[in-house]
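Student: Dropping a structure here in structure tokens format, bear with me for questions.
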Amino acid sequence: MSATATSYQVFIGGEFADSETGETMDVIAPATGEVIASVPRCSAEDVDRAVAAAREAWPAWSEKTPKDRSELLHRMADVMDEHAEELAQLESLNVGKPLMASRDEMPFSADNIRFFAGAARVLEGKSAGEYIEGYTSLIRREPLGIVAGICPWNYPLMMAVWKLGPALAAGNVQILKPSEQTPLSLLRYVQLLAEKDVIPAGVLQVVTGDGIPVGQRLVEHPDVRLVSLTGDVSTGKTIARVAADTVKRVHLELGGKAPMVVFDDADPEAVAAGIRLAGYWNSGQDCTAGSRVIAGPKIYDALLEALVPQVESLKVGDPMESDEIEMGSVISSSQQERILGFLERAKGATVLTGGEANGSKGYFVQPTVVTDVEQTDEIVQDEVFGPVVTVQRFADDAQAIEWANGVRYGLAASVWTRDVGRAMEAVRRLQFGTVWVNDHLLPITSEMPHGGYKSSGYGKDMSMYSLEEYTQIKHAAFKL
């Protein structure tokens, strides 16, 4: 560990603590490969400690009014706003993402918390009434109890907020597990909340460590009533199987392979600028990244002519060296190898730009554009999760939609056209949880749901739909 590395602790029962065993794990800055921190390597026993603390906090917290919960969430948002730059700097360092990206995430995350602060006070249901003669029925929406959130490494603090916001707003107590690779911004945020005495003991807790045993124990524990995962398909399948033994709810956001369907009447310059953002934001490590461009026969050549210079103009480097960096590293050496492996195996494909590692230190991949790929190719079908965009030429509208839908994922998609009727028809036929028209990635807001179809999972983040998933419904019937 470097001399400047920082040691962190987990947050259990309102106190910071080491793991039961005292073991720690290193956290690496992916842009340099240097160790920047250590965090506890927790065990199943540490999870049990957190569950016991949550169980103790639950009776008092469950009696809090919507107003009480709302006020707490507003204080949490205030803390994030007050320390936004510090949190952004830490997230940029830990994830390897540009500061311009991590700085954007902080106000958006604070807004998300404030949305749920408001939503806590307006949760609605069926009106009370006499649905059976002689009886008055009413509906109660009640919290589940103890819920768990397993967070990804690409947006470690924002994804944690997407889980804690609806969980606390609905009246649950929560245990969060950040990715073992990127725990720092969440741990620092919880430190700030504790310093300001915002969170009652046991209401929000953070445990760190590997998926096995920490994540596994959260899923296995009979007192945890919901597990929300943002991760890959294989992990989601495992969690769903294990959760079945205790019949707990599972919320899964399992990635995507987002198409950008570009019809011939679109503006190639505007589309190229859109791809520059959508395909390479956070080094393409985004489940909604525009990783598959499906272009019409007449616009295809013009689009490539505009796209390659756009991609080659991206400023790539260590985010800590300049605020002007637009694309940083990928998260790890294994992820770098994985991305380059997709390119090596793409036999017959043409790499128009990029395609290699970038620099001698850190885990970089050049922003890459690939053409001459088949719909059945691995690089088209599977989630690369890196700065790699494939471009296909479709023959007609029917083939465009068929190719767009022709993957196992269904999280997000976009349509580019000036024809409103064509756009509406494409939106209707695309099998994705979000479809944008003439934009990609940016149109995301706290009021609208985020979640997928097919192997992208089930359940929604953000919006009132998310809040409802953290509640259970009770019918009460009165004979008066």
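Ordering of the structure tokens sets the chain letters (A, B, ...); residue numbers start at 1 within each chain; ligands are numbered from 1 in the order shown.
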Write out as a PyMOL selection string all residues of range 294-426 of chain A that DSSP puts in strand (DSSP E) for this structure's backbone.

Tutor: chain A and resi 294-295+350-353+368-371+388-393+409-410+412-416

Student: List the neighbours of range 359-370 of chain A out to 9 Å using only C-alpha atoms; skip same-chain residues closer than 5 positions along the sequence, and give me the result as a short mmCIF file (atom, residue, chain, number, x, y, z; two decimals) with N, CA and C atoms, in the first residue's frame.

Tutor:
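Once everything was written out, this is result23.cif:
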data_model
loop_
_atom_site.label_atom_id
_atom_site.label_comp_id
_atom_site.auth_asym_id
_atom_site.auth_seq_id
_atom_site.Cartn_x
_atom_site.Cartn_y
_atom_site.Cartn_z
N ALA A 29 -6.58 2.44 -7.79
CA ALA A 29 -6.97 3.47 -8.76
C ALA A 29 -6.69 2.93 -10.16
N PRO A 30 -7.71 2.67 -10.96
CA PRO A 30 -7.49 1.99 -12.24
C PRO A 30 -6.73 2.81 -13.27
N ALA A 31 -6.71 4.12 -13.13
CA ALA A 31 -5.98 4.94 -14.10
C ALA A 31 -4.47 4.86 -13.91
N THR A 32 -4.04 4.42 -12.71
CA THR A 32 -2.60 4.32 -12.42
C THR A 32 -2.17 2.94 -11.99
N GLY A 33 -3.11 2.12 -11.52
CA GLY A 33 -2.77 0.80 -10.98
C GLY A 33 -2.25 0.86 -9.57
N GLU A 34 -2.29 2.01 -8.93
CA GLU A 34 -1.76 2.17 -7.58
C GLU A 34 -2.82 1.88 -6.52
N GLY A 96 -11.83 5.73 -12.05
CA GLY A 96 -11.07 6.06 -13.25
C GLY A 96 -11.88 6.84 -14.26
N GLY A 279 -21.64 6.13 -26.53
CA GLY A 279 -20.82 4.93 -26.61
C GLY A 279 -19.60 4.94 -25.72
N TYR A 280 -19.17 6.13 -25.26
CA TYR A 280 -17.88 6.22 -24.60
C TYR A 280 -17.92 6.91 -23.24
N SER A 283 -16.15 5.40 -20.19
CA SER A 283 -15.42 4.37 -20.95
C SER A 283 -16.32 3.25 -21.44
N GLY A 284 -17.55 3.59 -21.74
CA GLY A 284 -18.49 2.58 -22.22
C GLY A 284 -18.95 1.62 -21.14
N LEU A 307 -18.45 9.89 -37.83
CA LEU A 307 -18.24 9.28 -36.52
C LEU A 307 -16.76 9.12 -36.18
N VAL A 308 -15.95 8.64 -37.09
CA VAL A 308 -14.56 8.34 -36.77
C VAL A 308 -13.82 9.58 -36.25
N VAL A 311 -14.92 10.26 -32.63
CA VAL A 311 -14.36 9.33 -31.65
C VAL A 311 -12.88 9.62 -31.43
N GLU A 312 -12.15 9.89 -32.50
CA GLU A 312 -10.72 10.16 -32.37
C GLU A 312 -10.43 11.49 -31.67
N LEU A 314 -11.83 12.37 -28.86
CA LEU A 314 -12.01 12.21 -27.42
C LEU A 314 -10.67 12.36 -26.69
N VAL A 316 -8.47 11.30 -23.92
CA VAL A 316 -8.36 10.12 -23.07
C VAL A 316 -7.14 10.25 -22.17
N GLY A 317 -7.31 9.91 -20.87
CA GLY A 317 -6.16 9.96 -19.97
C GLY A 317 -6.58 9.80 -18.53
N ASP A 318 -5.63 10.01 -17.62
CA ASP A 318 -5.86 9.92 -16.18
C ASP A 318 -6.70 11.12 -15.76
N MET A 327 -12.51 10.77 -21.34
CA MET A 327 -12.62 9.33 -21.15
C MET A 327 -11.42 8.84 -20.37
N GLY A 328 -11.69 8.12 -19.28
CA GLY A 328 -10.61 7.61 -18.45
C GLY A 328 -10.32 6.14 -18.74
N SER A 329 -9.89 5.45 -17.71
CA SER A 329 -9.54 4.05 -17.84
C SER A 329 -10.78 3.17 -17.72
N VAL A 330 -10.60 1.87 -17.95
CA VAL A 330 -11.60 0.90 -17.53
C VAL A 330 -11.24 0.47 -16.12
N ILE A 331 -12.07 -0.34 -15.49
CA ILE A 331 -11.99 -0.51 -14.04
C ILE A 331 -10.82 -1.34 -13.57
N SER A 332 -10.31 -2.28 -14.38
CA SER A 332 -9.29 -3.21 -13.88
C SER A 332 -8.54 -3.83 -15.05
N SER A 333 -7.45 -4.49 -14.72
CA SER A 333 -6.69 -5.19 -15.75
C SER A 333 -7.49 -6.34 -16.35
N SER A 334 -8.28 -7.01 -15.52
CA SER A 334 -9.11 -8.12 -16.04
C SER A 334 -10.17 -7.61 -16.99
N GLN A 335 -10.74 -6.43 -16.69
CA GLN A 335 -11.74 -5.85 -17.59
C GLN A 335 -11.08 -5.40 -18.89
N GLN A 336 -9.89 -4.83 -18.79
CA GLN A 336 -9.14 -4.44 -19.98
C GLN A 336 -8.89 -5.66 -20.88
N ILE A 339 -12.18 -6.84 -22.60
CA ILE A 339 -12.59 -6.01 -23.73
C ILE A 339 -11.71 -6.29 -24.95
N LEU A 340 -10.41 -6.34 -24.75
CA LEU A 340 -9.51 -6.61 -25.86
C LEU A 340 -9.72 -8.01 -26.41
N LEU A 343 -12.31 -8.00 -29.10
CA LEU A 343 -11.79 -7.50 -30.36
C LEU A 343 -10.91 -8.54 -31.06
N ALA A 349 -14.08 -8.80 -38.71
CA ALA A 349 -14.52 -7.43 -38.43
C ALA A 349 -13.42 -6.44 -38.81
N THR A 350 -13.83 -5.20 -39.04
CA THR A 350 -12.89 -4.13 -39.37
C THR A 350 -12.89 -3.10 -38.24
N VAL A 351 -11.72 -2.84 -37.68
CA VAL A 351 -11.58 -1.81 -36.65
C VAL A 351 -11.22 -0.50 -37.35
N LEU A 352 -12.15 0.44 -37.36
CA LEU A 352 -11.92 1.72 -38.04
C LEU A 352 -11.04 2.65 -37.24
N THR A 353 -11.12 2.56 -35.92
CA THR A 353 -10.26 3.36 -35.06
C THR A 353 -10.20 2.69 -33.70
N GLY A 354 -9.07 2.86 -33.00
CA GLY A 354 -8.91 2.26 -31.68
C GLY A 354 -8.52 0.80 -31.77
N GLY A 386 -17.30 -1.77 -22.41
CA GLY A 386 -16.10 -0.99 -22.62
C GLY A 386 -16.31 -0.03 -23.77
N PRO A 387 -15.28 0.73 -24.13
CA PRO A 387 -15.43 1.78 -25.16
C PRO A 387 -15.38 1.22 -26.58
N VAL A 388 -16.29 0.33 -26.88
CA VAL A 388 -16.33 -0.35 -28.17
C VAL A 388 -17.74 -0.22 -28.75
N VAL A 389 -17.85 0.33 -29.94
CA VAL A 389 -19.15 0.50 -30.62
C VAL A 389 -19.09 -0.24 -31.95
N THR A 390 -20.06 -1.11 -32.19
CA THR A 390 -20.17 -1.77 -33.49
C THR A 390 -21.17 -1.00 -34.36
N VAL A 391 -20.97 -1.03 -35.66
CA VAL A 391 -21.86 -0.36 -36.61
C VAL A 391 -22.29 -1.38 -37.67
N GLN A 392 -23.60 -1.57 -37.80
CA GLN A 392 -24.17 -2.48 -38.79
C GLN A 392 -25.02 -1.69 -39.78
#

Student: Counting only C-alpha atoms, what is within 9 Å of range 448-450 of chain A, bar same-chain residues fewer than 3 positions away, as a list in words?

Tutor: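 Final neighbour list, sorted by chain and number: Glu253, Leu411, Ala412, Gly433, Thr434, Ile444, Thr445, Gly459, Lys460, Asp461, Met462, Ser463, Met464, Tyr465 and Ser466 of chain A.
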
Student: Tell me which protein, DNA and RNA residues are within 10 Å of Ser455 in chain A, counting only C-alpha atoms, leaving out same-chain ones fewer than 3 positions away, and put them as a count of residues only.

Tutor: 17

Student: So that I can check the surroundings of range 37-44 of chain A, please list as a list of chain:residue names every protein, DNA and RNA residue that reaches within 7 Å of it, counting only C-alpha atoms and ignoring chain neighbours fewer than 2 positions away.

Tutor: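 Those residues are A:Ala5, A:Thr6, A:Ser7, A:Tyr8, A:Gln9, A:Val10, A:Asp18, A:Ser19, A:Glu23, A:Thr24, A:Met25, A:Asp26, A:Val27, A:Val35, A:Asp46, A:Val47, A:Asp48, A:Val207, A:Thr208, A:Gly209, A:Pro213, A:Val214, A:Arg217.
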
Student: Rounded to one decimal in Å, what is the spacing between CA of Ile175 in chain A and CA of Ala289 in chain A?

Tutor: 28.5 Å

Student: Can you check which residues of range 89-296 of chain A DSSP gives as helix (DSSP H, G or I) on the backbone and send them as a PyMOL selection string?

Tutor: chain A and resi 89-95+99-119+156-169+184-195+211-220+233-244+268-278+281-284
